[in-house]
>>> print(open('upload.txt').read())   # compact mmCIF, C-alpha atoms
# COMPACT_ATOMS: atom_id res chain seq x y z
CA MET A 19 -35.90 22.33 -1.34
CA ALA A 20 -33.01 19.93 -0.90
CA PHE A 21 -29.80 21.18 0.58
CA MET A 22 -26.29 19.92 -0.10
CA LEU A 23 -24.74 17.83 2.62
CA LYS A 24 -21.05 18.40 3.18
CA LYS A 25 -18.76 15.41 3.25
CA LYS A 26 -17.47 14.34 6.62
CA ARG A 27 -13.71 14.83 6.96
CA TYR A 28 -11.38 12.47 8.80
CA LYS A 29 -7.69 12.48 9.59
CA PHE A 30 -5.85 9.27 10.46
CA GLN A 31 -2.36 8.55 11.73
CA VAL A 32 -1.12 5.59 9.69
CA GLU A 33 1.79 3.36 10.68
CA LEU A 34 2.74 1.06 7.84
CA PHE A 35 5.24 -1.71 8.54
CA LEU A 36 6.86 -2.90 5.32
CA GLU A 37 7.92 -6.35 6.40
CA GLU A 38 9.10 -8.49 3.49
CA LEU A 39 8.76 -9.66 -0.09
CA ASN A 40 8.60 -13.45 -0.57
CA ALA A 41 9.04 -15.66 -3.65
CA VAL A 42 11.45 -13.30 -5.40
CA THR A 43 12.60 -14.85 -8.67
CA PHE A 44 16.04 -13.21 -8.68
CA PRO A 45 18.70 -15.24 -6.83
CA SER A 46 20.78 -12.13 -6.20
CA ALA A 47 19.59 -8.55 -6.57
CA VAL A 48 19.16 -5.36 -4.58
CA LEU A 49 15.53 -4.32 -4.16
CA PHE A 50 13.80 -1.31 -2.63
CA ALA A 51 10.23 -0.07 -2.37
CA LYS A 52 8.67 3.31 -3.04
CA LEU A 53 5.53 4.12 -1.02
CA ARG A 54 3.27 6.85 -2.36
CA LEU A 55 -0.13 8.06 -1.22
CA LEU A 56 -2.31 8.45 -4.34
CA ASP A 57 -5.25 10.03 -2.45
CA GLY A 58 -5.58 11.95 0.80
CA GLY A 59 -2.15 13.51 1.17
CA ASN A 60 1.32 13.89 -0.26
CA PHE A 61 3.27 11.11 1.47
CA CYS A 62 6.13 9.64 -0.59
CA GLU A 63 9.03 7.63 0.88
CA ILE A 64 11.61 5.11 -0.27
CA SER A 65 12.68 2.10 1.77
CA SER A 66 16.23 0.95 2.35
CA ARG A 67 17.95 -1.07 -0.35
CA GLU A 68 18.21 -4.72 0.66
CA GLU A 69 19.71 -7.81 -0.96
CA VAL A 70 17.68 -10.86 -1.89
CA GLN A 71 18.52 -13.77 0.41
CA GLN A 72 16.88 -17.17 -0.09
CA HIS A 73 14.30 -15.62 -2.44
CA THR A 74 13.18 -13.15 0.26
CA VAL A 75 13.84 -9.47 0.91
CA ARG A 76 13.34 -8.30 4.50
CA TRP A 77 12.91 -4.58 5.11
CA ALA A 78 11.27 -4.52 8.55
CA ALA A 79 10.75 -0.76 8.08
CA LYS A 80 8.18 1.52 9.70
CA PHE A 81 6.61 4.39 7.75
CA PRO A 82 4.40 6.76 9.80
CA PHE A 83 2.29 9.35 7.97
CA VAL A 84 -0.99 11.26 8.17
CA CYS A 85 -3.82 10.46 5.77
CA LYS A 86 -6.95 12.52 5.12
CA MET A 87 -10.19 10.80 4.14
CA SER A 88 -13.75 11.83 3.55
CA ALA A 89 -17.08 10.08 3.89
CA ASN A 90 -20.52 10.55 2.42
CA ALA A 91 -22.49 12.63 4.94
CA SER A 92 -25.69 10.62 4.57
CA THR A 93 -24.23 7.09 4.64
CA GLY A 94 -21.01 7.64 6.61
CA VAL A 95 -19.06 5.26 4.32
CA LEU A 96 -15.38 6.17 3.89
CA GLU A 97 -14.30 6.89 0.34
CA PRO A 98 -11.31 4.96 -1.07
CA CYS A 99 -7.82 6.23 -0.25
CA LEU A 100 -5.10 4.43 -2.19
CA LEU A 101 -1.51 3.81 -1.18
CA ARG A 102 0.79 2.39 -3.87
CA ILE A 103 3.81 0.31 -2.92
CA SER A 104 6.13 -0.06 -5.90
CA VAL A 105 8.96 -2.60 -5.74
CA ARG A 106 12.06 -1.78 -7.77
CA LYS A 107 15.34 -3.51 -8.59
CA GLU A 108 18.64 -1.63 -8.74
CA VAL A 109 20.53 -1.89 -12.02
CA LYS A 110 23.86 -0.47 -13.21
CA GLY A 111 25.31 -0.29 -9.71
CA GLY A 112 22.45 1.71 -8.26
CA ARG A 113 22.44 4.48 -10.85
CA SER A 114 19.05 3.39 -12.20
CA TYR A 115 16.28 0.92 -11.42
CA GLN A 116 13.79 -1.44 -13.01
CA LYS A 117 10.16 -1.50 -11.83
CA LEU A 118 9.18 -5.04 -10.85
CA GLY A 119 5.61 -4.56 -9.70
CA PHE A 120 3.27 -2.75 -7.37
CA ALA A 121 0.49 -3.30 -4.86
CA ASP A 122 -2.33 -0.81 -4.26
CA LEU A 123 -3.82 -0.77 -0.76
CA ASN A 124 -7.12 0.95 0.02
CA LEU A 125 -6.45 2.50 3.44
CA ALA A 126 -10.18 3.06 4.01
CA GLU A 127 -10.51 -0.72 4.50
CA PHE A 128 -8.14 -0.62 7.49
CA ALA A 129 -9.77 2.27 9.39
CA GLY A 130 -10.94 1.30 12.86
CA SER A 131 -9.62 -2.26 12.65
CA GLY A 132 -6.46 -1.98 14.74
CA SER A 133 -3.26 -3.61 13.52
CA THR A 134 -3.93 -5.58 10.33
CA LEU A 135 -1.58 -7.88 8.44
CA ARG A 136 -2.04 -8.04 4.67
CA ARG A 137 -0.26 -10.05 1.99
CA CYS A 138 -0.48 -8.75 -1.57
CA LEU A 139 0.51 -10.30 -4.86
CA LEU A 140 2.59 -7.85 -6.88
CA GLU A 141 0.87 -6.63 -10.03
CA GLY A 142 3.04 -6.03 -13.07
CA TYR A 143 3.37 -2.70 -14.78
CA ASN A 144 2.99 -4.53 -18.07
CA THR A 145 -0.69 -5.51 -18.26
CA ARG A 146 0.00 -8.41 -20.61
CA HIS A 147 1.93 -10.52 -18.13
CA ARG A 148 3.15 -10.34 -14.55
CA GLN A 149 6.90 -10.61 -14.01
CA ASP A 150 6.66 -13.01 -11.07
CA ASN A 151 4.45 -14.18 -8.20
CA SER A 152 6.14 -12.29 -5.38
CA ILE A 153 4.08 -11.66 -2.25
CA LEU A 154 4.46 -8.41 -0.33
CA LYS A 155 3.77 -8.57 3.41
CA VAL A 156 2.69 -5.36 5.22
CA THR A 157 1.07 -4.51 8.54
CA ILE A 158 -1.09 -1.40 8.85
CA LEU A 159 -2.18 0.37 12.04
CA MET A 160 -4.52 3.35 11.75
CA THR A 161 -5.50 5.74 14.54
CA LEU A 162 -8.23 8.36 14.19
CA LEU A 163 -6.81 11.85 14.84
CA SER A 164 -9.83 14.00 14.00
CA GLY A 165 -13.37 13.53 12.81
CA ASP A 166 -16.53 11.80 13.98
CA PRO A 167 -15.65 8.35 15.38
CA CYS A 168 -18.85 6.97 13.80
CA PHE A 169 -17.99 5.89 10.26
CA LYS A 170 -18.52 2.82 8.10
CA VAL A 171 -15.95 0.86 6.19
CA LEU A 172 -17.03 -0.64 2.90
CA VAL A 173 -15.17 -3.88 2.22
CA PHE A 174 -15.48 -5.19 -1.29
CA ILE A 175 -16.26 -8.87 -1.69
CA LEU A 176 -14.65 -8.89 -5.13
CA PHE A 177 -10.91 -9.09 -4.54
CA SER A 178 -8.42 -7.52 -6.86
CA ARG A 179 -5.65 -9.64 -8.32
CA SER A 180 -3.14 -8.19 -5.90
CA GLN A 181 -4.79 -9.39 -2.68
CA VAL A 182 -3.80 -12.78 -1.29
CA PHE A 183 -5.04 -14.17 1.99
>>> encode(input="upload.txt", output="structure tokens")
Amino acid sequence: MAFMLKKKRYKFQVELFLEELNAVTFPSAVLFAKLRLLDGGNFCEISSREEVQQHTVRWAAKFPFVCKMSANASTGVLEPCLLRISVRKEVKGGRSYQKLGFADLNLAEFAGSGSTLRRCLLEGYNTRHRQDNSILKVTILMTLLSGDPCFKVLVFILFSRSQVF
């Protein structure tokens, strides 16, 4: 008689540093980013609104939050936990905005690896074509708060379109 194994539960303290967005096609615009945890919690924050200068937007903002993850009890591999960073452009004097693109980060890939710098190519909301080739630069630091310190991180060899190295 086989018994059901419960999933292992983990809690991580995440410190995400939203550094900058390079290769912005707009010569002058006001951009901001919305960060939202799709799995493992209810974190949702908006960055400051910054002007494009020399095709770059610099936020240099820190976003601390707690993220819950689970792992298969038999293999110990962490399940994906997605964080979406959506970049938006102010229009009509800040009363509304236009979505430029987004980058999805799997936080499970960063667990146990210390401070990690990642550059991501923005994906367009329109699947037919991407608006531009802007590169988002973030640094992620994850600290284990609770759970068994023995876990595995599954890193996919196939890279999504949004990951640039």
>>> residues_around(input="upload.txt", residues="Ser65 (chain A)", least_positions_apart="5", cutoff="12 Å", atoms="only C-alpha atoms", output="ChimeraX atom specification")
/A:34-38,48-54,75-81,103-106
>>> write_last_selection(input="upload.txt", atoms="C-alpha atoms", output="PDB file, in the frame of the given file")
ATOM      1  CA  LEU A  34       2.740   1.060   7.840  1.00  0.00           C
ATOM      2  CA  PHE A  35       5.240  -1.710   8.540  1.00  0.00           C
ATOM      3  CA  LEU A  36       6.860  -2.900   5.320  1.00  0.00           C
ATOM      4  CA  GLU A  37       7.920  -6.350   6.400  1.00  0.00           C
ATOM      5  CA  GLU A  38       9.100  -8.490   3.490  1.00  0.00           C
ATOM      6  CA  VAL A  48      19.160  -5.360  -4.580  1.00  0.00           C
ATOM      7  CA  LEU A  49      15.530  -4.320  -4.160  1.00  0.00           C
ATOM      8  CA  PHE A  50      13.800  -1.310  -2.630  1.00  0.00           C
ATOM      9  CA  ALA A  51      10.230  -0.070  -2.370  1.00  0.00           C
ATOM     10  CA  LYS A  52       8.670   3.310  -3.040  1.00  0.00           C
ATOM     11  CA  LEU A  53       5.530   4.120  -1.020  1.00  0.00           C
ATOM     12  CA  ARG A  54       3.270   6.850  -2.360  1.00  0.00           C
ATOM     13  CA  VAL A  75      13.840  -9.470   0.910  1.00  0.00           C
ATOM     14  CA  ARG A  76      13.340  -8.300   4.500  1.00  0.00           C
ATOM     15  CA  TRP A  77      12.910  -4.580   5.110  1.00  0.00           C
ATOM     16  CA  ALA A  78      11.270  -4.520   8.550  1.00  0.00           C
ATOM     17  CA  ALA A  79      10.750  -0.760   8.080  1.00  0.00           C
ATOM     18  CA  LYS A  80       8.180   1.520   9.700  1.00  0.00           C
ATOM     19  CA  PHE A  81       6.610   4.390   7.750  1.00  0.00           C
ATOM     20  CA  ILE A 103       3.810   0.310  -2.920  1.00  0.00           C
ATOM     21  CA  SER A 104       6.130  -0.060  -5.900  1.00  0.00           C
ATOM     22  CA  VAL A 105       8.960  -2.600  -5.740  1.00  0.00           C
ATOM     23  CA  ARG A 106      12.060  -1.780  -7.770  1.00  0.00           C
TER      24      ARG A 106
END
>>> atom_distance(input="upload.txt", atom1="CA of Ala89 (chain A)", atom2="CA of Leu154 (chain A)")
28.7 Å
>>> residues_around(input="upload.txt", residues="region 159-162 of chain A", least_positions_apart="6", cutoff="6 Å", atoms="all atoms listed in the file", output="list in words")
Phe30, Gln31, Val32, Glu33, Ala129, Gly132 and Ser133 of chain A
>>> axis_aligned_box(input="upload.txt", around="region 27-37 of chain A", padding_each_side="5 Å", output="JSON")
{"center_x": -2.9, "center_y": 4.2, "center_z": 8.5, "size_x": 31.6, "size_y": 31.2, "size_z": 16.4}
>>> closest_residue(input="upload.txt", among="A:Leu118, A:Cys99, A:Ile64, A:Val70", to="Ser46 (chain A)", atoms="all atoms listed in the file")
A:Val70
>>> closest_residue(input="upload.txt", among="A:Leu55, A:Leu140, A:Leu96, A:Met87", to="Phe120 (chain A)", atoms="only C-alpha atoms")
A:Leu140
>>> atom_distance(input="upload.txt", atom1="CA of Phe44 (chain A)", atom2="CA of His73 (chain A)")
6.9 Å
>>> closest_residue(input="upload.txt", among="A:Arg102, A:Lys24, A:Arg67, A:Lys107", to="Asn124 (chain A)", atoms="only C-alpha atoms")
A:Arg102
>>> residues_around(input="upload.txt", residues="region 135-139 of chain A", least_positions_apart="3", cutoff="10 Å", atoms="only C-alpha atoms", output="mmCIF file with C-alpha atoms, keeping the file's coordinate frame")
data_model
loop_
_atom_site.group_PDB
_atom_site.id
_atom_site.type_symbol
_atom_site.label_atom_id
_atom_site.label_comp_id
_atom_site.auth_asym_id
_atom_site.auth_seq_id
_atom_site.Cartn_x
_atom_site.Cartn_y
_atom_site.Cartn_z
ATOM 1 C CA LEU A 34 2.740 1.060 7.840
ATOM 2 C CA PHE A 35 5.240 -1.710 8.540
ATOM 3 C CA GLU A 37 7.920 -6.350 6.400
ATOM 4 C CA GLU A 38 9.100 -8.490 3.490
ATOM 5 C CA LEU A 39 8.760 -9.660 -0.090
ATOM 6 C CA ASN A 40 8.600 -13.450 -0.570
ATOM 7 C CA GLY A 119 5.610 -4.560 -9.700
ATOM 8 C CA PHE A 120 3.270 -2.750 -7.370
ATOM 9 C CA ALA A 121 0.490 -3.300 -4.860
ATOM 10 C CA ASP A 122 -2.330 -0.810 -4.260
ATOM 11 C CA LEU A 123 -3.820 -0.770 -0.760
ATOM 12 C CA PHE A 128 -8.140 -0.620 7.490
ATOM 13 C CA GLY A 132 -6.460 -1.980 14.740
ATOM 14 C CA GLY A 142 3.040 -6.030 -13.070
ATOM 15 C CA ASP A 150 6.660 -13.010 -11.070
ATOM 16 C CA ASN A 151 4.450 -14.180 -8.200
ATOM 17 C CA SER A 152 6.140 -12.290 -5.380
ATOM 18 C CA ILE A 153 4.080 -11.660 -2.250
ATOM 19 C CA LEU A 154 4.460 -8.410 -0.330
ATOM 20 C CA LYS A 155 3.770 -8.570 3.410
ATOM 21 C CA VAL A 156 2.690 -5.360 5.220
ATOM 22 C CA THR A 157 1.070 -4.510 8.540
ATOM 23 C CA ILE A 158 -1.090 -1.400 8.850
ATOM 24 C CA LEU A 159 -2.180 0.370 12.040
ATOM 25 C CA SER A 178 -8.420 -7.520 -6.860
ATOM 26 C CA ARG A 179 -5.650 -9.640 -8.320
ATOM 27 C CA SER A 180 -3.140 -8.190 -5.900
ATOM 28 C CA GLN A 181 -4.790 -9.390 -2.680
ATOM 29 C CA VAL A 182 -3.800 -12.780 -1.290
ATOM 30 C CA PHE A 183 -5.040 -14.170 1.990
#
>>> closest_residue(input="upload.txt", among="A:Ala47, A:Val109, A:Leu125, A:Ala41", to="Val84 (chain A)", atoms="all atoms listed in the file")
A:Leu125
>>> build_atoms(input="upload.txt", residues="region 22-55 of chain A", atoms="N, CA and C atoms", output="mmCIF file, in the frame of the given file")
data_model
loop_
_atom_site.group_PDB
_atom_site.id
_atom_site.type_symbol
_atom_site.label_atom_id
_atom_site.label_comp_id
_atom_site.auth_asym_id
_atom_site.auth_seq_id
_atom_site.Cartn_x
_atom_site.Cartn_y
_atom_site.Cartn_z
ATOM 1 N N MET A 22 -27.485 20.732 0.105
ATOM 2 C CA MET A 22 -26.290 19.920 -0.100
ATOM 3 C C MET A 22 -25.673 19.557 1.244
ATOM 4 N N LEU A 23 -25.420 18.276 1.417
ATOM 5 C CA LEU A 23 -24.740 17.830 2.620
ATOM 6 C C LEU A 23 -23.241 17.848 2.379
ATOM 7 N N LYS A 24 -22.498 18.398 3.302
ATOM 8 C CA LYS A 24 -21.050 18.400 3.180
ATOM 9 C C LYS A 24 -20.519 17.024 3.542
ATOM 10 N N LYS A 25 -19.402 16.683 2.931
ATOM 11 C CA LYS A 25 -18.760 15.410 3.250
ATOM 12 C C LYS A 25 -18.126 15.507 4.627
ATOM 13 N N LYS A 26 -18.145 14.397 5.331
ATOM 14 C CA LYS A 26 -17.470 14.340 6.620
ATOM 15 C C LYS A 26 -15.974 14.163 6.364
ATOM 16 N N ARG A 27 -15.166 14.869 7.126
ATOM 17 C CA ARG A 27 -13.710 14.830 6.960
ATOM 18 C C ARG A 27 -13.083 14.066 8.129
ATOM 19 N N TYR A 28 -12.083 13.272 7.800
ATOM 20 C CA TYR A 28 -11.380 12.470 8.800
ATOM 21 C C TYR A 28 -9.878 12.615 8.578
ATOM 22 N N LYS A 29 -9.145 12.490 9.662
ATOM 23 C CA LYS A 29 -7.690 12.480 9.590
ATOM 24 C C LYS A 29 -7.202 11.296 10.418
ATOM 25 N N PHE A 30 -6.367 10.469 9.805
ATOM 26 C CA PHE A 30 -5.850 9.270 10.460
ATOM 27 C C PHE A 30 -4.331 9.314 10.524
ATOM 28 N N GLN A 31 -3.789 8.802 11.619
ATOM 29 C CA GLN A 31 -2.360 8.550 11.730
ATOM 30 C C GLN A 31 -2.155 7.108 11.281
ATOM 31 N N VAL A 32 -1.356 6.921 10.249
ATOM 32 C CA VAL A 32 -1.120 5.590 9.690
ATOM 33 C C VAL A 32 0.301 5.176 10.011
ATOM 34 N N GLU A 33 0.463 3.943 10.490
ATOM 35 C CA GLU A 33 1.790 3.360 10.680
ATOM 36 C C GLU A 33 1.836 2.110 9.818
ATOM 37 N N LEU A 34 2.610 2.183 8.752
ATOM 38 C CA LEU A 34 2.740 1.060 7.840
ATOM 39 C C LEU A 34 4.076 0.381 8.093
ATOM 40 N N PHE A 35 4.033 -0.916 8.338
ATOM 41 C CA PHE A 35 5.240 -1.710 8.540
ATOM 42 C C PHE A 35 5.469 -2.527 7.276
ATOM 43 N N LEU A 36 6.480 -2.161 6.519
ATOM 44 C CA LEU A 36 6.860 -2.900 5.320
ATOM 45 C C LEU A 36 7.750 -4.035 5.780
ATOM 46 N N GLU A 37 7.203 -5.240 5.793
ATOM 47 C CA GLU A 37 7.920 -6.350 6.400
ATOM 48 C C GLU A 37 8.839 -7.079 5.423
ATOM 49 N N GLU A 38 8.256 -7.718 4.379
ATOM 50 C CA GLU A 38 9.100 -8.490 3.490
ATOM 51 C C GLU A 38 8.426 -8.755 2.151
ATOM 52 N N LEU A 39 9.224 -9.238 1.221
ATOM 53 C CA LEU A 39 8.760 -9.660 -0.090
ATOM 54 C C LEU A 39 9.238 -11.099 -0.269
ATOM 55 N N ASN A 40 8.288 -12.028 -0.430
ATOM 56 C CA ASN A 40 8.600 -13.450 -0.570
ATOM 57 C C ASN A 40 8.504 -13.887 -2.023
ATOM 58 N N ALA A 41 9.092 -15.033 -2.334
ATOM 59 C CA ALA A 41 9.040 -15.660 -3.650
ATOM 60 C C ALA A 41 9.632 -14.766 -4.732
ATOM 61 N N VAL A 42 10.753 -14.143 -4.426
ATOM 62 C CA VAL A 42 11.450 -13.300 -5.400
ATOM 63 C C VAL A 42 12.179 -14.224 -6.373
ATOM 64 N N THR A 43 12.018 -13.963 -7.659
ATOM 65 C CA THR A 43 12.600 -14.850 -8.670
ATOM 66 C C THR A 43 14.091 -14.640 -8.883
ATOM 67 N N PHE A 44 14.614 -13.490 -8.470
ATOM 68 C CA PHE A 44 16.040 -13.210 -8.680
ATOM 69 C C PHE A 44 16.863 -13.832 -7.556
ATOM 70 N N PRO A 45 17.878 -14.638 -7.894
ATOM 71 C CA PRO A 45 18.700 -15.240 -6.830
ATOM 72 C C PRO A 45 19.563 -14.213 -6.111
ATOM 73 N N SER A 46 20.007 -13.184 -6.845
ATOM 74 C CA SER A 46 20.780 -12.130 -6.200
ATOM 75 C C SER A 46 20.438 -10.806 -6.878
ATOM 76 N N ALA A 47 19.946 -9.877 -6.079
ATOM 77 C CA ALA A 47 19.590 -8.550 -6.570
ATOM 78 C C ALA A 47 19.438 -7.632 -5.376
ATOM 79 N N VAL A 48 19.401 -6.347 -5.634
ATOM 80 C CA VAL A 48 19.160 -5.360 -4.580
ATOM 81 C C VAL A 48 17.810 -4.717 -4.897
ATOM 82 N N LEU A 49 16.875 -4.825 -3.961
ATOM 83 C CA LEU A 49 15.530 -4.320 -4.160
ATOM 84 C C LEU A 49 15.212 -3.221 -3.142
ATOM 85 N N PHE A 50 14.326 -2.319 -3.539
ATOM 86 C CA PHE A 50 13.800 -1.310 -2.630
ATOM 87 C C PHE A 50 12.362 -1.033 -3.005
ATOM 88 N N ALA A 51 11.644 -0.358 -2.137
ATOM 89 C CA ALA A 51 10.230 -0.070 -2.370
ATOM 90 C C ALA A 51 9.989 1.430 -2.262
ATOM 91 N N LYS A 52 9.102 1.916 -3.108
ATOM 92 C CA LYS A 52 8.670 3.310 -3.040
ATOM 93 C C LYS A 52 7.212 3.295 -2.605
ATOM 94 N N LEU A 53 6.900 4.026 -1.539
ATOM 95 C CA LEU A 53 5.530 4.120 -1.020
ATOM 96 C C LEU A 53 5.010 5.508 -1.337
ATOM 97 N N ARG A 54 3.833 5.563 -1.950
ATOM 98 C CA ARG A 54 3.270 6.850 -2.360
ATOM 99 C C ARG A 54 1.772 6.850 -2.132
ATOM 100 N N LEU A 55 1.290 7.887 -1.472
ATOM 101 C CA LEU A 55 -0.130 8.060 -1.220
ATOM 102 C C LEU A 55 -0.760 8.684 -2.467
#
